[in-house]
Amino acid sequence: MAEKVRNIVVEEMVRTPVEMQKVELVERKGIGHPDSIADGIAEAVSRALSREYIKRYGIILHHNTDQVEVVGGRAYPRFGGGEVIKPIYILLSGRAVEMVDREFFPVHEVAIKAAKDYLRKAVRHLDIEHHVVIDSRIGQGSVDLVGVFNKARENPIPLANDTSFGVGYAPLSETEKIVLETEKLLNSDEFKKKWPAVGEDIKVMGLRKGDEIDLTIAAAIVDSEVDNPDDYMAVKEAIEEAAREVVESHTQRPTKIYVNTADDPENDIYYITVTGTSAEAGDDGSVGRGNRVNGLITPNRHMSMEAAAGKNPVSHVGKIYNLLSMLIANDIAEQVEGVEEVYVRILSQIGKPIDEPLVASVQIIPKKGYSLDVIERPAYEIADAWLADINKVQKMILEDRLNVF
């Protein structure tokens, strides 16, 4: 059987590398941000459904659970511990197969359990039974297993369920690394053990202007873990010190760090919460409004507007191609000598095998002294190898080796 010849185009990109641009903006919404909560639940539900489908039927059946809405509640935080007086409302929506050969599959039960399990891990001070109402309105679908298996035998490589594109790039800039690693450190188990007052709703915004970096951090502080303003200020100092360690490990550029800049102690205004997330106080969240699959929001870079979280990992290119583009870009940046920056864009065509995109565009900015002639072939081979083994992406998702936000 002849090898497939794929539509991979490798070309030189003519543009100023991000590190050389005068202004760079980078944002990360932490795991407790309402938008990230929506993403996290959507993805947890998809993975739970996928695993249960495999357990019962040996195959992942069709579903998309990328429609999750987080509607903010109401709380009265105060030093020493306040209360949530109106729970956060979470709506699970989308589609999933519920009838299989006239047998009922418990979509809503699996989905709600997955949502609760995720929330318990993601937002430690959230009381799942009292602070949250979860409502599953996932639409029903039915399937004939014989037909599904016959289709899978005919098409071992899934067919794209949409005409869509994914985007990835590498390597991360210094500012991007700082923003990403700062949130990860502040939301790490190690940091939480030392500073349990730091909630999970942490947003990090990075601005690099020339060679100077401003890092602005908004971190929800849990009121039951701080008894007074002095305790609160000590937590803020700890956050700044931790961020400073991240900064110094990634750059020598002068950096200013700001934490909870809306605080106004003279008027008794502090960023304290009961649960550690602003969703308790009217802040809403939706799937797709937050981080891209590399964990960042980067207006200086090419991005896809696709919401990857919750889409099925079999044929939904809005998920698979964004992850694949990132993986290809990372490997090219790491393995091919002379690459300053690489951008990957992969476009599907509905109904066509996902390993045969309409185009896989690889754009490279070579380092000074290198030409595309020595970079093009190895870059092409990396992209081709990933496309040939595209089902590996699904496996990595189900093994929790890839995140999508």
# chains A, B, ... in the order shown; residues from 1 in each chain; ligands from 1

$ closest_atom_pairs --of "stretch 250-316 of chain A" --to "stretch 350-360 of chain A" --cutoff "12 Å" --atoms "only C-alpha atoms" --output "tab-separated table"
residue	atom	partner	partner_atom	distance
A:Pro313	CA	A:Ile354	CA	11.6
A:Val314	CA	A:Ile354	CA	9.4
A:Ser315	CA	A:Ile354	CA	7.2
A:His316	CA	A:Ile354	CA	9.0

$ residues_around --residues "A:Arg345" --least-positions-apart "5" --cutoff "6 Å" --atoms "only C-alpha atoms" --output "CSV table (one decimal) with all heavy atoms, in the first residue's frame"
chain,number,residue,atom,x,y,z
A,166,GLY,N,-6.9,24.3,13.3
A,166,GLY,CA,-6.2,24.4,14.6
A,166,GLY,C,-4.9,25.1,14.4
A,166,GLY,O,-4.4,25.1,13.3
A,167,VAL,N,-4.5,25.7,15.4
A,167,VAL,CA,-3.3,26.6,15.4
A,167,VAL,C,-2.4,26.3,16.6
A,167,VAL,O,-2.8,26.1,17.7
A,167,VAL,CB,-3.6,28.1,15.4
A,167,VAL,CG1,-2.4,28.9,15.3
A,167,VAL,CG2,-4.6,28.4,14.3
A,360,ALA,N,-1.8,21.4,5.8
A,360,ALA,CA,-1.0,21.6,7.1
A,360,ALA,C,0.1,22.6,6.7
A,360,ALA,O,1.0,22.3,6.0
A,360,ALA,CB,-0.5,20.3,7.5
A,361,SER,N,-0.1,23.8,7.2
A,361,SER,CA,0.8,24.9,7.0
A,361,SER,C,1.8,25.0,8.1
A,361,SER,O,1.4,25.2,9.3
A,361,SER,CB,0.0,26.2,6.8
A,361,SER,OG,0.9,27.3,6.9

$ select_by_dssp --residues "stretch 83-295 of chain A" --states "helix (DSSP H, G or I)" --output "VMD selection string"
chain A and resid 107 to 122 145 to 154 174 to 186 189 to 194 223 to 225 229 to 250 265 to 267 278 to 281

$ residues_around --residues "A:Leu119" --least-positions-apart "2" --cutoff "10 Å" --atoms "only C-alpha atoms" --output "ChimeraX atom specification"
/A:31-32,37,40-41,44,113-117,121-128,132

$ atom_distance --atom1 "atom CA of A:Leu215" --atom2 "atom CA of A:Val23"
13.5 Å

$ closest_residue --among "A:Asp384, A:Glu245, A:Glu52, A:Asp230" --to "A:Val5" --atoms "only C-alpha atoms"
A:Asp384

$ closest_residue --among "A:Glu98, A:Asp144, A:Glu27, A:Asp223" --to "A:Lys203" --atoms "only C-alpha atoms"
A:Glu27

$ residues_around --residues "A:Ala48" --least-positions-apart "5" --cutoff "12 Å" --atoms "only C-alpha atoms" --output "ChimeraX atom specification"
/A:41-43,53-55,60-61,63,65,96,106-118,310,312-313,397-400

$ atom_distance --atom1 "atom CA of A:Arg253" --atom2 "atom CA of A:Asn330"
24.6 Å

$ residues_around --residues "A:Val226" --least-positions-apart "4" --cutoff "10 Å" --atoms "only C-alpha atoms" --output "list of chain:residue names"
A:Arg78, A:Phe79, A:Gly80, A:Gly81, A:Pro196, A:Ala197, A:Val198, A:Ile221, A:Val222, A:Asp230, A:Asp231, A:Tyr232, A:Met233, A:Ala234, A:Val235, A:Ile272

$ write_last_selection --atoms "C-alpha atoms" --output "mmCIF file, in the first residue's frame"
data_model
loop_
_atom_site.group_PDB
_atom_site.id
_atom_site.type_symbol
_atom_site.label_atom_id
_atom_site.label_comp_id
_atom_site.auth_asym_id
_atom_site.auth_seq_id
_atom_site.Cartn_x
_atom_site.Cartn_y
_atom_site.Cartn_z
ATOM 1 C CA ARG A 78 -15.617 38.548 55.589
ATOM 2 C CA PHE A 79 -12.400 38.007 57.485
ATOM 3 C CA GLY A 80 -12.576 34.800 59.485
ATOM 4 C CA GLY A 81 -15.223 33.292 57.207
ATOM 5 C CA PRO A 196 -4.021 27.664 51.998
ATOM 6 C CA ALA A 197 -5.571 31.133 51.912
ATOM 7 C CA VAL A 198 -4.754 31.498 48.213
ATOM 8 C CA ILE A 221 -8.055 35.019 48.925
ATOM 9 C CA VAL A 222 -10.190 32.637 51.018
ATOM 10 C CA ASP A 230 -2.608 41.867 58.394
ATOM 11 C CA ASP A 231 -3.039 38.174 57.571
ATOM 12 C CA TYR A 232 -4.293 39.164 54.134
ATOM 13 C CA MET A 233 -1.290 41.381 53.446
ATOM 14 C CA ALA A 234 1.066 38.573 54.473
ATOM 15 C CA VAL A 235 -0.567 36.313 51.892
ATOM 16 C CA ILE A 272 -11.507 38.040 49.741
#

$ residues_around --residues "stretch 174-183 of chain A" --least-positions-apart "2" --cutoff "6 Å" --atoms "only C-alpha atoms" --output "NGL selection string"
:A and (172 or 185-186 or 204 or 243 or 247)

$ closest_residue --among "A:Gly139, A:Gly73, A:Pro87, A:Gly295" --to "A:Ala281" --atoms "only C-alpha atoms"
A:Gly73
